file model.cif (mmCIF, C-alpha atoms and all ligand atoms)
data_entry
#
loop_
_atom_site.label_atom_id
_atom_site.label_comp_id
_atom_site.auth_asym_id
_atom_site.auth_seq_id
_atom_site.Cartn_x
_atom_site.Cartn_y
_atom_site.Cartn_z
CA VAL T 1 52.64 34.19 -102.37
CA ARG T 2 49.78 33.88 -99.90
CA THR T 3 48.71 36.99 -98.11
CA VAL T 4 47.38 36.28 -94.66
CA SER T 5 44.76 38.79 -93.67
CA VAL T 6 44.10 39.39 -90.02
CA GLN T 7 41.02 37.55 -88.70
CA ARG T 8 38.70 40.01 -86.98
CA ILE T 9 37.19 38.20 -84.02
CA ALA T 10 34.18 38.83 -81.80
CA VAL T 11 34.65 37.15 -78.43
CA LEU T 12 31.18 36.81 -76.89
CA GLY T 13 31.58 35.94 -73.21
CA ALA T 14 35.06 37.49 -73.11
CA THR T 15 35.24 37.61 -69.30
CA GLY T 16 34.62 33.87 -68.92
CA SER T 17 36.93 30.90 -68.77
CA ILE T 18 36.67 30.13 -72.51
CA GLY T 19 36.75 33.85 -73.38
CA SER T 20 40.01 34.38 -71.52
CA SER T 21 41.60 31.27 -73.05
CA ALA T 22 40.57 32.53 -76.50
CA LEU T 23 42.07 35.96 -75.80
CA ASP T 24 45.27 34.33 -74.55
CA VAL T 25 45.71 32.56 -77.90
CA ILE T 26 44.64 35.64 -79.88
CA ALA T 27 47.27 37.74 -78.08
CA ARG T 28 50.01 35.29 -79.09
CA HIS T 29 49.39 35.88 -82.82
CA PRO T 30 48.75 39.56 -83.49
CA GLU T 31 49.68 39.05 -87.16
CA ARG T 32 46.77 36.59 -87.56
CA PHE T 33 44.13 37.44 -84.99
CA ARG T 34 42.56 40.61 -83.67
CA ALA T 35 39.79 40.84 -81.06
CA THR T 36 37.50 43.55 -82.46
CA VAL T 37 34.38 42.88 -80.35
CA LEU T 38 34.29 41.89 -76.67
CA SER T 39 31.22 41.18 -74.57
CA ALA T 40 30.37 40.43 -70.94
CA HIS T 41 27.18 39.94 -68.99
CA ALA T 42 27.63 42.26 -65.98
CA ARG T 43 31.31 42.31 -64.97
CA VAL T 44 31.94 45.75 -66.33
CA GLU T 45 35.28 46.36 -64.63
CA GLU T 46 36.69 43.12 -66.06
CA LEU T 47 35.36 44.06 -69.48
CA LEU T 48 37.01 47.48 -69.20
CA ALA T 49 40.33 45.87 -68.27
CA LEU T 50 40.09 43.67 -71.37
CA CYS T 51 39.27 46.73 -73.50
CA ARG T 52 42.39 48.53 -72.24
CA ARG T 53 44.46 45.50 -73.18
CA PHE T 54 42.90 44.51 -76.52
CA ARG T 55 41.55 47.87 -77.74
CA PRO T 56 38.53 46.37 -79.56
CA GLU T 57 36.29 48.42 -81.86
CA HIS T 58 33.19 47.49 -79.86
CA ALA T 59 32.41 46.42 -76.31
CA VAL T 60 29.02 45.07 -75.23
CA ILE T 61 27.70 44.84 -71.68
CA VAL T 62 24.61 42.69 -71.93
CA ASP T 63 23.11 43.89 -68.63
CA ALA T 64 22.16 47.47 -69.56
CA ALA T 65 22.37 48.66 -65.94
CA HIS T 66 26.16 48.74 -66.38
CA TYR T 67 26.14 50.59 -69.67
CA PRO T 68 26.92 54.07 -68.23
CA ARG T 69 29.96 52.71 -66.42
CA LEU T 70 31.19 50.99 -69.60
CA ARG T 71 30.77 54.15 -71.68
CA ASP T 72 32.44 56.37 -69.05
CA GLY T 73 35.22 53.88 -68.34
CA LEU T 74 36.09 53.66 -72.06
CA ALA T 75 36.15 57.45 -72.30
CA GLU T 76 38.34 57.79 -69.17
CA ALA T 77 40.80 55.29 -70.67
CA GLY T 78 40.94 57.37 -73.87
CA LEU T 79 39.79 54.41 -75.97
CA ALA T 80 37.95 54.68 -79.28
CA THR T 81 36.02 51.49 -78.41
CA ARG T 82 32.27 52.02 -78.83
CA ALA T 83 30.05 50.95 -75.93
CA HIS T 84 26.84 48.94 -76.43
CA ALA T 85 24.28 47.21 -74.21
CA GLY T 86 21.84 44.35 -74.57
CA THR T 87 21.41 41.13 -76.51
CA ASP T 88 20.29 42.93 -79.68
CA ALA T 89 23.65 44.72 -79.86
CA LEU T 90 25.35 41.36 -79.37
CA CYS T 91 23.42 39.87 -82.30
CA ALA T 92 24.03 42.89 -84.51
CA LEU T 93 27.78 42.78 -83.88
CA ALA T 94 27.89 38.98 -84.33
CA SER T 95 26.42 39.56 -87.82
CA GLU T 96 28.36 42.67 -88.73
CA ALA T 97 30.39 42.65 -91.95
CA ALA T 98 33.58 43.77 -90.20
CA VAL T 99 33.60 40.58 -88.11
CA ASP T 100 35.06 37.40 -89.65
CA THR T 101 34.91 35.07 -86.67
CA VAL T 102 32.60 34.74 -83.68
CA VAL T 103 33.73 32.90 -80.56
CA ALA T 104 30.42 31.86 -78.96
CA ALA T 105 31.54 31.57 -75.33
CA ILE T 106 28.47 32.73 -73.42
CA VAL T 107 27.20 30.20 -70.88
CA GLY T 108 23.68 28.83 -71.10
CA ALA T 109 20.65 29.38 -73.30
CA ALA T 110 21.42 33.11 -73.04
CA GLY T 111 23.88 32.52 -75.90
CA VAL T 112 21.39 31.14 -78.40
CA ALA T 113 20.39 34.40 -80.12
CA SER T 114 23.94 35.56 -80.82
CA THR T 115 25.06 32.06 -81.85
CA LEU T 116 22.19 31.83 -84.35
CA ALA T 117 22.90 35.36 -85.59
CA ALA T 118 26.53 34.46 -86.33
CA ALA T 119 25.42 31.28 -88.11
CA ARG T 120 22.87 33.11 -90.27
CA ALA T 121 25.43 35.76 -91.15
CA GLY T 122 27.79 33.09 -92.48
CA LYS T 123 30.57 33.69 -89.96
CA ARG T 124 33.34 31.40 -88.97
CA LEU T 125 31.62 30.22 -85.80
CA LEU T 126 33.78 28.87 -82.97
CA LEU T 127 31.14 27.22 -80.85
CA ALA T 128 31.70 26.73 -77.13
CA ASN T 129 28.13 27.59 -76.06
CA LYS T 130 26.88 23.98 -76.07
CA GLU T 131 23.54 24.91 -74.48
CA SER T 132 22.53 26.71 -77.69
CA VAL T 133 23.07 23.48 -79.67
CA VAL T 134 21.10 21.50 -77.09
CA LEU T 135 18.27 24.02 -77.14
CA ALA T 136 18.08 24.60 -80.87
CA GLY T 137 20.28 22.03 -82.62
CA ARG T 138 18.26 21.65 -85.79
CA LEU T 139 17.70 25.41 -86.16
CA LEU T 140 21.38 26.06 -85.62
CA MET T 141 22.51 23.49 -88.18
CA ASP T 142 19.93 24.88 -90.65
CA ALA T 143 21.18 28.42 -90.01
CA VAL T 144 24.78 27.30 -90.55
CA ALA T 145 23.80 25.73 -93.89
CA ALA T 146 21.61 28.65 -95.01
CA GLY T 147 24.15 31.29 -93.98
CA GLY T 148 27.17 29.39 -95.30
CA ALA T 149 28.84 29.57 -91.90
CA THR T 150 31.85 27.47 -90.96
CA LEU T 151 31.15 25.80 -87.64
CA ILE T 152 34.20 24.72 -85.68
CA PRO T 153 33.59 23.05 -82.31
CA VAL T 154 35.20 24.49 -79.18
CA ASP T 155 34.40 21.69 -76.79
CA SER T 156 37.44 19.50 -76.27
CA GLU T 157 35.52 16.29 -77.11
CA HIS T 158 33.96 17.66 -80.27
CA SER T 159 37.20 19.24 -81.37
CA ALA T 160 38.86 15.84 -80.88
CA ILE T 161 36.18 14.14 -82.99
CA PHE T 162 36.39 16.87 -85.63
CA GLN T 163 40.14 16.25 -85.77
CA CYS T 164 39.70 12.45 -86.04
CA LEU T 165 36.95 12.45 -88.67
CA PRO T 166 37.85 12.22 -92.34
CA HIS T 167 37.80 15.30 -94.60
CA ASP T 168 35.61 18.11 -93.39
CA GLY T 169 34.13 16.31 -90.45
CA ASP T 170 31.31 14.53 -92.29
CA ALA T 171 30.70 11.39 -90.25
CA ASP T 172 28.81 9.63 -93.05
CA ARG T 173 31.94 9.35 -95.11
CA GLY T 174 34.85 7.09 -94.43
CA GLY T 175 33.24 4.17 -92.59
CA VAL T 176 32.65 5.67 -89.18
CA ARG T 177 31.06 3.15 -86.81
CA ARG T 178 30.52 5.40 -83.79
CA LEU T 179 31.77 8.36 -81.86
CA LEU T 180 33.23 7.72 -78.42
CA LEU T 181 33.18 10.67 -76.03
CA THR T 182 35.49 10.57 -73.06
CA ALA T 183 34.33 11.86 -69.66
CA SER T 184 36.67 12.59 -66.78
CA GLY T 185 33.99 11.41 -64.37
CA GLY T 186 34.25 14.72 -62.52
CA PRO T 187 35.25 15.26 -58.89
CA PHE T 188 32.94 12.52 -57.58
CA ARG T 189 33.97 9.61 -59.78
CA GLY T 190 33.92 6.38 -57.80
CA ARG T 191 31.85 7.87 -54.98
CA SER T 192 28.67 6.23 -53.68
CA ARG T 193 25.31 7.99 -53.83
CA GLU T 194 25.10 8.16 -50.05
CA SER T 195 28.43 9.97 -49.81
CA LEU T 196 27.12 12.70 -52.14
CA ALA T 197 24.03 13.55 -50.10
CA ALA T 198 25.51 16.59 -48.37
CA ILE T 199 28.13 17.91 -50.79
CA GLY T 200 28.19 21.65 -51.51
CA PRO T 201 28.97 23.91 -54.47
CA ASP T 202 32.69 24.29 -53.80
CA GLU T 203 33.30 20.54 -53.73
CA ALA T 204 31.30 20.15 -56.95
CA CYS T 205 33.26 22.93 -58.67
CA ALA T 206 36.67 21.49 -57.72
CA HIS T 207 37.24 19.63 -60.97
CA PRO T 208 40.28 17.32 -60.85
CA ASN T 209 41.61 18.21 -64.33
CA TRP T 210 39.94 21.26 -65.85
CA SER T 211 39.51 24.80 -64.58
CA MET T 212 36.16 26.08 -65.90
CA GLY T 213 33.18 28.30 -65.14
CA ARG T 214 30.95 27.21 -62.24
CA LYS T 215 27.96 26.09 -64.31
CA ILE T 216 29.92 23.65 -66.49
CA SER T 217 31.87 22.51 -63.42
CA VAL T 218 28.64 21.41 -61.72
CA ASP T 219 27.53 19.84 -65.01
CA SER T 220 30.77 17.84 -65.01
CA ALA T 221 30.14 16.67 -61.46
CA THR T 222 26.61 15.42 -62.31
CA LEU T 223 27.70 14.05 -65.75
CA MET T 224 25.07 16.32 -67.33
CA ASN T 225 27.96 17.95 -69.16
CA LYS T 226 28.57 14.65 -70.96
CA GLY T 227 24.84 14.37 -71.63
CA LEU T 228 24.79 17.84 -73.20
CA GLU T 229 27.85 16.81 -75.21
CA VAL T 230 26.11 13.68 -76.54
CA ILE T 231 23.31 15.93 -77.81
CA GLU T 232 25.88 18.37 -79.18
CA ALA T 233 27.68 15.54 -81.04
CA HIS T 234 24.36 14.32 -82.44
CA TRP T 235 23.78 17.69 -84.14
CA LEU T 236 27.33 18.70 -85.04
CA PHE T 237 28.18 15.37 -86.68
CA ALA T 238 24.68 14.25 -87.79
CA MET T 239 25.12 11.06 -85.78
CA PRO T 240 22.20 9.05 -84.33
CA PRO T 241 22.30 8.66 -80.53
CA GLU T 242 22.84 4.89 -80.70
CA ARG T 243 26.14 5.59 -82.46
CA ILE T 244 27.42 7.91 -79.73
CA ASP T 245 28.96 6.28 -76.66
CA VAL T 246 30.62 7.58 -73.51
CA VAL T 247 33.60 6.11 -71.67
CA VAL T 248 35.03 7.47 -68.44
CA HIS T 249 38.71 8.34 -68.70
CA PRO T 250 39.91 9.96 -65.47
CA GLN T 251 43.19 11.42 -66.80
CA SER T 252 41.46 13.65 -69.43
CA VAL T 253 44.33 13.07 -71.87
CA VAL T 254 42.34 11.36 -74.64
CA HIS T 255 39.77 14.01 -75.51
CA SER T 256 37.52 11.69 -77.57
CA MET T 257 37.67 9.07 -80.31
CA VAL T 258 36.21 7.97 -83.62
CA ASP T 259 35.63 4.23 -84.07
CA TYR T 260 35.83 3.01 -87.69
CA VAL T 261 34.24 -0.07 -89.27
CA ASP T 262 37.62 -1.67 -89.93
CA GLY T 263 38.49 -1.80 -86.24
CA SER T 264 40.63 1.33 -86.16
CA MET T 265 39.98 3.87 -83.47
CA LEU T 266 41.43 7.36 -83.85
CA ALA T 267 41.96 9.50 -80.78
CA GLN T 268 43.14 13.05 -80.14
CA LEU T 269 45.33 13.54 -77.07
CA GLY T 270 46.39 16.67 -75.25
CA ARG T 271 46.65 18.40 -71.94
CA PRO T 272 43.39 19.52 -70.34
CA ASP T 273 43.85 23.13 -71.45
CA MET T 274 41.24 24.73 -73.70
CA ARG T 275 43.89 26.88 -75.40
CA THR T 276 44.77 23.83 -77.52
CA THR T 277 41.17 23.52 -78.69
CA LEU T 278 40.88 27.27 -79.23
CA ALA T 279 44.16 27.55 -81.15
CA TYR T 280 43.01 24.70 -83.39
CA ALA T 281 39.63 26.35 -84.00
CA LEU T 282 41.10 29.81 -84.55
CA ALA T 283 43.76 28.68 -87.05
CA TRP T 284 41.94 25.75 -88.70
CA PRO T 285 42.91 24.24 -91.14
CA GLU T 286 46.35 25.37 -90.03
CA ARG T 287 48.00 24.91 -86.64
CA VAL T 288 49.50 27.58 -84.43
CA ALA T 289 51.16 27.61 -81.01
CA SER T 290 48.75 27.86 -78.10
CA GLY T 291 51.07 28.26 -75.14
CA VAL T 292 50.26 24.72 -74.00
CA GLU T 293 53.17 22.48 -73.07
CA PRO T 294 53.57 19.21 -74.99
CA LEU T 295 52.21 16.03 -73.43
CA ASP T 296 54.68 13.95 -71.46
CA LEU T 297 53.25 10.44 -71.84
CA ALA T 298 55.99 8.70 -69.87
CA ARG T 299 55.24 10.98 -66.96
CA ILE T 300 51.48 10.38 -67.26
CA GLY T 301 52.33 6.67 -67.24
CA ARG T 302 48.92 5.18 -67.81
CA LEU T 303 45.54 5.89 -69.32
CA ASP T 304 42.50 4.34 -67.67
CA PHE T 305 39.01 3.73 -69.07
CA GLU T 306 35.83 2.57 -67.32
CA PRO T 307 32.08 2.62 -67.95
CA PRO T 308 29.98 5.50 -66.56
CA ASP T 309 28.15 4.90 -63.26
CA HIS T 310 24.56 5.58 -64.36
CA ALA T 311 23.06 4.74 -60.98
CA THR T 312 24.99 7.45 -59.14
CA PHE T 313 24.93 9.94 -62.04
CA PRO T 314 21.55 9.65 -63.83
CA CYS T 315 21.93 12.89 -65.83
CA LEU T 316 23.71 11.22 -68.74
CA ARG T 317 20.74 8.89 -69.31
CA LEU T 318 18.36 11.86 -69.14
CA ALA T 319 20.17 13.38 -72.11
CA TYR T 320 19.76 10.18 -74.16
CA ARG T 321 16.10 10.18 -73.12
CA ALA T 322 15.75 13.75 -74.42
CA LEU T 323 17.21 12.73 -77.81
CA ASP T 324 14.87 9.76 -77.88
CA GLU T 325 11.81 11.90 -77.17
CA GLY T 326 12.87 14.53 -79.69
CA GLY T 327 10.83 17.72 -80.15
CA ALA T 328 11.46 20.17 -77.33
CA ALA T 329 12.73 17.55 -74.87
CA ALA T 330 16.37 18.66 -75.11
CA ALA T 331 15.35 22.30 -74.64
CA VAL T 332 13.34 21.29 -71.57
CA LEU T 333 16.24 19.22 -70.23
CA ASN T 334 18.63 22.11 -70.70
CA ALA T 335 16.37 24.72 -69.11
CA ALA T 336 15.55 22.51 -66.11
CA ASN T 337 19.25 21.80 -65.70
CA GLU T 338 20.13 25.52 -65.74
CA VAL T 339 17.57 26.19 -62.99
CA ALA T 340 18.72 23.15 -61.00
CA VAL T 341 22.42 24.06 -61.23
CA SER T 342 21.80 27.64 -60.27
CA ALA T 343 19.68 26.53 -57.27
CA PHE T 344 22.40 24.07 -56.25
CA LEU T 345 25.04 26.82 -56.45
CA GLN T 346 22.81 28.95 -54.18
CA ARG T 347 22.41 25.99 -51.78
CA ARG T 348 18.67 25.77 -52.51
CA LEU T 349 18.84 22.27 -54.01
CA ARG T 350 20.81 19.20 -53.02
CA PHE T 351 23.26 17.62 -55.43
CA LEU T 352 21.37 14.31 -55.69
CA ASP T 353 18.10 16.15 -56.36
CA ILE T 354 19.44 17.81 -59.55
CA PRO T 355 18.54 14.83 -61.79
CA VAL T 356 15.29 14.22 -59.87
CA LEU T 357 14.13 17.76 -60.55
CA ILE T 358 15.13 17.60 -64.23
CA ALA T 359 13.30 14.30 -64.74
CA ALA T 360 10.19 15.71 -63.05
CA VAL T 361 10.21 18.73 -65.38
CA MET T 362 10.68 16.44 -68.42
CA ASP T 363 7.72 14.33 -67.26
CA ALA T 364 5.55 17.41 -66.84
CA LEU T 365 6.42 18.92 -70.23
CA HIS T 366 6.84 16.00 -72.57
CA ASP T 367 4.78 17.54 -75.39
CA ALA T 368 6.17 21.07 -75.32
CA PRO T 369 6.14 22.98 -78.65
CA HIS T 370 9.33 22.96 -80.71
CA GLN T 371 8.59 24.29 -84.22
CA GLY T 372 10.80 27.33 -84.64
CA LEU T 373 12.85 29.41 -82.25
CA ASP T 374 9.89 31.15 -80.59
CA ALA T 375 8.30 27.81 -79.75
CA LEU T 376 11.57 26.46 -78.38
CA LEU T 377 12.12 29.58 -76.28
CA ALA T 378 8.54 29.31 -74.99
CA SER T 379 9.23 25.68 -74.01
CA ASP T 380 12.49 26.76 -72.38
CA ALA T 381 10.53 29.37 -70.36
CA ARG T 382 7.83 26.86 -69.39
CA ALA T 383 10.47 24.39 -68.26
CA ARG T 384 12.10 27.07 -66.10
CA ASP T 385 8.71 27.94 -64.55
CA ALA T 386 7.99 24.26 -63.90
CA ALA T 387 11.42 23.79 -62.32
CA HIS T 388 10.92 26.80 -60.05
CA ALA T 389 7.45 25.55 -59.10
CA LEU T 390 8.74 22.07 -58.24
CA ILE T 391 11.89 23.11 -56.44
CA HIS T 392 10.22 23.74 -53.07
CA ARG T 393 9.54 19.99 -52.85
CA PHE T 394 13.28 19.44 -52.66
CA ALA T 395 14.16 22.32 -50.33
CA ALA T 396 17.79 21.80 -49.41
P1 LIG T 401 32.03 31.28 -67.59
O1 LIG T 401 30.96 31.31 -66.57
O2 LIG T 401 33.44 31.27 -67.16
O3 LIG T 401 31.85 32.53 -68.60
C1 LIG T 401 30.61 32.83 -69.15
C2 LIG T 401 30.66 34.08 -69.99
O4 LIG T 401 29.33 34.33 -70.47
C3 LIG T 401 31.09 35.33 -69.22
O5 LIG T 401 31.85 36.16 -70.06
C4 LIG T 401 29.77 36.02 -68.88
O6 LIG T 401 29.88 37.41 -68.80
C5 LIG T 401 28.90 35.64 -70.08
N1 LIG T 401 27.49 35.54 -69.72
C6 LIG T 401 26.96 34.88 -68.66
N2 LIG T 401 25.61 35.01 -68.65
C7 LIG T 401 25.29 35.77 -69.72
C8 LIG T 401 24.07 36.29 -70.24
N3 LIG T 401 22.89 36.03 -69.63
N4 LIG T 401 24.10 37.03 -71.35
C9 LIG T 401 25.28 37.30 -71.96
N5 LIG T 401 26.47 36.86 -71.51
C10 LIG T 401 26.48 36.10 -70.41
O7 LIG T 401 31.72 30.00 -68.52
P2 LIG T 401 32.76 29.12 -69.37
O8 LIG T 401 33.27 28.02 -68.52
O9 LIG T 401 33.73 30.00 -70.10
O10 LIG T 401 31.76 28.44 -70.41
C11 LIG T 401 31.25 29.13 -71.53
C12 LIG T 401 30.58 28.13 -72.47
O11 LIG T 401 31.59 27.27 -72.98
C13 LIG T 401 29.56 27.22 -71.78
O12 LIG T 401 28.52 26.96 -72.67
C14 LIG T 401 30.35 25.97 -71.49
O13 LIG T 401 29.53 24.81 -71.43
C15 LIG T 401 31.27 25.92 -72.69
N6 LIG T 401 32.51 25.17 -72.47
C16 LIG T 401 33.39 25.58 -71.51
C17 LIG T 401 34.57 24.89 -71.29
C18 LIG T 401 35.59 25.34 -70.28
O14 LIG T 401 36.66 24.77 -70.20
N7 LIG T 401 35.33 26.37 -69.49
C19 LIG T 401 34.86 23.75 -72.07
C20 LIG T 401 33.93 23.36 -73.05
C21 LIG T 401 32.78 24.09 -73.25
MG MG T 402 33.71 19.17 -73.10
#
call {"tool": "encode", "arguments": {"input": "model.cif", "output": "structure tokens", "more": "lines below"}}
Ligand code: NAD
Ligand code: MG
result
Amino acid sequence: VRTVSVQRIAVLGATGSIGSSALDVIARHPERFRATVLSAHARVEELLALCRRFRPEHAVIVDAAHYPRLRDGLAEAGLATRAHAGTDALCALASEAAVDTVVAAIVGAAGVASTLAAARAGKRLLLANKESVVLAGRLLMDAVAAGGATLIPVDSEHSAIFQCLPHDGDADRGGVRRLLLTASGGPFRGRSRESLAAIGPDEACAHPNWSMGRKISVDSATLMNKGLEVIEAHWLFAMPPERIDVVVHPQSVVHSMVDYVDGSMLAQLGRPDMRTTLAYALAWPERVASGVEPLDLARIGRLDFEPPDHATFPCLRLAYRALDEGGAAAAVLNAANEVAVSAFLQRRLRFLDIPVLIAAVMDALHDAPHQGLDALLASDARARDAAHALIHRFAA
């Protein structure tokens, strides 16, 4: 007789798109999963609403200005949930013995400290925060190995590859030729450069298939999301960049593929709903219901594939360039991209200038320090400064 103990789960970034999909799956299986830690950046009322629903042991508001409201709101609701503030609290709770699983669902480099903390503490680490892998891939993989953590990808492409690889996801085994990431092409697939000159944030965030946070939505529109995912795949599956390819697949049904030396290609298919990926990661190596409807292939009718348009969307190539350069180049790419996307969302930078700004920052900082987390964070900070300094040249 197998006794199933309840997995105690910290959802970091609980108010986000991935956080809410994770909580949706968690709520479907109270006998297996329990959300014991929830965190948010500044949306304290949303965090309080989640606390009333999930009754976690701990709640963290990273922006300390909202701490009094969190503490008072928890007390008013009569909850025993303990209130915390700041990134240090996030890291402490991600490492705490009473937590089995950490869902790393913070957006951006802001997630790196808590992701690394969970890895070092040997947690089951459900990794959605791709920017932390891009920033500190080697450190993260070393921390996973040293801490004995179990890293399970929560990016639909990497989950697909994980599901299609032999055994425990080790790409060296079993005659893998290459990994093939699918890209939807985003909302501007097929458009000319000229037609993208004046587009604004809302058009860029209107993804045809996926509903996601605004930062990753812009990344999907520029194809930087696929670039970050190539870097992510490089680290997660120890695969050299020349063995990672990208194909555009507008229906987002095939989530990615593994190409084997014998000519077989394995694919994972599903609806574009992250609850499938999260249910897989939460229950792995088992499978549980996610609330996602089965695929209806006859209704979908056809699956299309085409090469990426590098001329209109140069960000993907910039990511390969960062892998090629090595060192801190990926950290610089990521930081410059975060500044560029945020400026674009505030209408301070034009869409087509996003890759131009990132390339200029990479040119300026091509020898940035990268030995250890402090060096990488310093390079991240320098890249942000350089991006801010250059941005006036591109005033939207
Ligand atoms: P989101 O913007 O919807 O949510 C982000 C979460 O992070 C929120 O809970 C927010 O409070 C928190 N947060 C933001 N800034 C923070 C900071 N400085 N410190 C601490 N917490 C902070 O984003 P999302 O779409 O859920 O994406 C989260 C991560 O998952 C990203 O790295 C994204 O690339 C990745 N991802 C998302 C999807 C998706 O479908 N949304 C798919 C694959 C991967
Ligand atoms: Mg993805």
call {"tool": "closest_residue", "arguments": {"input": "model.cif", "among": "T:Thr87, T:Arg348, T:Ser290, T:His366", "to": "Glu325 in chain T", "atoms": "all atoms listed in the file"}}
result
T:His366
call {"tool": "axis_aligned_box", "arguments": {"input": "model.cif", "around": "range 103-113 of chain T", "padding_each_side": "8 Å", "output": "JSON"}}
result
{"center_x": 27.1, "center_y": 31.6, "center_z": -75.7, "size_x": 29.3, "size_y": 21.6, "size_z": 25.7}
call {"tool": "closest_atom_pairs", "arguments": {"input": "model.cif", "of": "range 109-177 of chain T", "to": "range 242-262 of chain T", "cutoff": "7 Å", "atoms": "all atoms listed in the file", "output": "CSV"}}
result
residue,atom,partner,partner_atom,distance
T:Ser156,CA,T:His255,CA,6.0
T:Glu157,CA,T:Ser256,CA,5.0
T:Ala160,CA,T:Ser256,CA,5.5
T:Ile161,CA,T:Met257,CA,5.9
T:Cys164,CA,T:Val258,CA,6.2
T:Leu165,CA,T:Val258,CA,6.8
T:Gly175,CA,T:Val261,CA,5.5
T:Val176,CA,T:Tyr260,CA,4.4
T:Arg177,CA,T:Tyr260,CA,4.9
call {"tool": "residues_around", "arguments": {"input": "model.cif", "residues": "Trp284 in chain T", "least_positions_apart": "3", "cutoff": "12 Å", "atoms": "all atoms listed in the file", "output": "list in words"}}
result
Gln7, Arg32, Thr101, Arg124, Leu125, Leu126, Thr150, Leu151, Ile152, Pro153, Val154, Ser159, Phe162, Gln163, Asp168, Thr276, Thr277, Leu278, Ala279, Tyr280, Ala281, Arg287 and Val288 of chain T
call {"tool": "atom_distance", "arguments": {"input": "model.cif", "atom1": "CA of Ala340 in chain T", "atom2": "CA of Phe394 in chain T"}}
result
10.6 Å
call {"tool": "residues_near_ligand", "arguments": {"input": "model.cif", "ligand": "ligand MG 402 (chain T)", "cutoff": "8 Å", "atoms": "all atoms listed in the file", "output": "MDAnalysis selection string"}}
result
chainID T and resid 155:158 225:226 229
call {"tool": "residues_near_ligand", "arguments": {"input": "model.cif", "ligand": "ligand LIG 401 (chain T)", "cutoff": "6 Å", "atoms": "all atoms listed in the file", "output": "ChimeraX atom specification"}}
result
/T:13-19,40-41,62,105-108,110,128-131,155,212-214,216,274
call {"tool": "atom_distance", "arguments": {"input": "model.cif", "atom1": "CA of Val44 in chain T", "atom2": "CA of Leu345 in chain T"}}
result
22.4 Å
call {"tool": "closest_residue", "arguments": {"input": "model.cif", "among": "T:Cys91, T:Ile300, T:Ala335, T:Leu349", "to": "Ala197 in chain T", "atoms": "all atoms listed in the file"}}
result
T:Leu349
call {"tool": "residues_around", "arguments": {"input": "model.cif", "residues": "Phe54 in chain T", "least_positions_apart": "4", "cutoff": "12 Å", "atoms": "all atoms listed in the file", "output": "ChimeraX atom specification"}}
result
/T:9-11,14,20,23-24,26-28,30,33-38,47-50,58-59,79-81
call {"tool": "closest_residue", "arguments": {"input": "model.cif", "among": "T:Val341, T:Val356, T:Ala336, T:Leu223", "to": "Thr182 in chain T", "atoms": "only C-alpha atoms"}}
result
T:Leu223
call {"tool": "atom_distance", "arguments": {"input": "model.cif", "atom1": "CA of Asp219 in chain T", "atom2": "CA of Pro240 in chain T"}}
result
22.8 Å
call {"tool": "residues_around", "arguments": {"input": "model.cif", "residues": "Ile391 in chain T", "least_positions_apart": "3", "cutoff": "10 Å", "atoms": "only C-alpha atoms", "output": "mmCIF file with C-alpha atoms, keeping the file's coordinate frame"}}
result
data_model
loop_
_atom_site.group_PDB
_atom_site.id
_atom_site.type_symbol
_atom_site.label_atom_id
_atom_site.label_comp_id
_atom_site.auth_asym_id
_atom_site.auth_seq_id
_atom_site.Cartn_x
_atom_site.Cartn_y
_atom_site.Cartn_z
ATOM 1 C CA VAL T 339 17.570 26.190 -62.990
ATOM 2 C CA ALA T 340 18.720 23.150 -61.000
ATOM 3 C CA ALA T 343 19.680 26.530 -57.270
ATOM 4 C CA ARG T 348 18.670 25.770 -52.510
ATOM 5 C CA LEU T 349 18.840 22.270 -54.010
ATOM 6 C CA ASP T 353 18.100 16.150 -56.360
ATOM 7 C CA ILE T 354 19.440 17.810 -59.550
ATOM 8 C CA LEU T 357 14.130 17.760 -60.550
ATOM 9 C CA ASP T 385 8.710 27.940 -64.550
ATOM 10 C CA ALA T 386 7.990 24.260 -63.900
ATOM 11 C CA ALA T 387 11.420 23.790 -62.320
ATOM 12 C CA HIS T 388 10.920 26.800 -60.050
ATOM 13 C CA PHE T 394 13.280 19.440 -52.660
ATOM 14 C CA ALA T 395 14.160 22.320 -50.330
ATOM 15 C CA ALA T 396 17.790 21.800 -49.410
#
call {"tool": "residues_around", "arguments": {"input": "model.cif", "residues": "Pro208 in chain T", "least_positions_apart": "2", "cutoff": "12 Å", "atoms": "all atoms listed in the file", "output": "list in words"}}
result
Ala183, Ser184, Gly185, Gly186, Pro187, Phe188, Arg189, Glu203, Ala204, Cys205, Ala206, Trp210, Ser211, Met212, Ser217, Ser220, Ala221, Pro250, Gln251, Ser252 and Pro272 of chain T
call {"tool": "closest_residue", "arguments": {"input": "model.cif", "among": "T:Leu74, T:Ala119, T:Ala311, T:Leu365", "to": "Glu96 in chain T", "atoms": "only C-alpha atoms"}}
result
T:Ala119
call {"tool": "closest_residue", "arguments": {"input": "model.cif", "among": "T:Leu196, T:Leu70, T:Ile61, T:Ala329", "to": "Gly86 in chain T", "atoms": "all atoms listed in the file"}}
result
T:Ile61
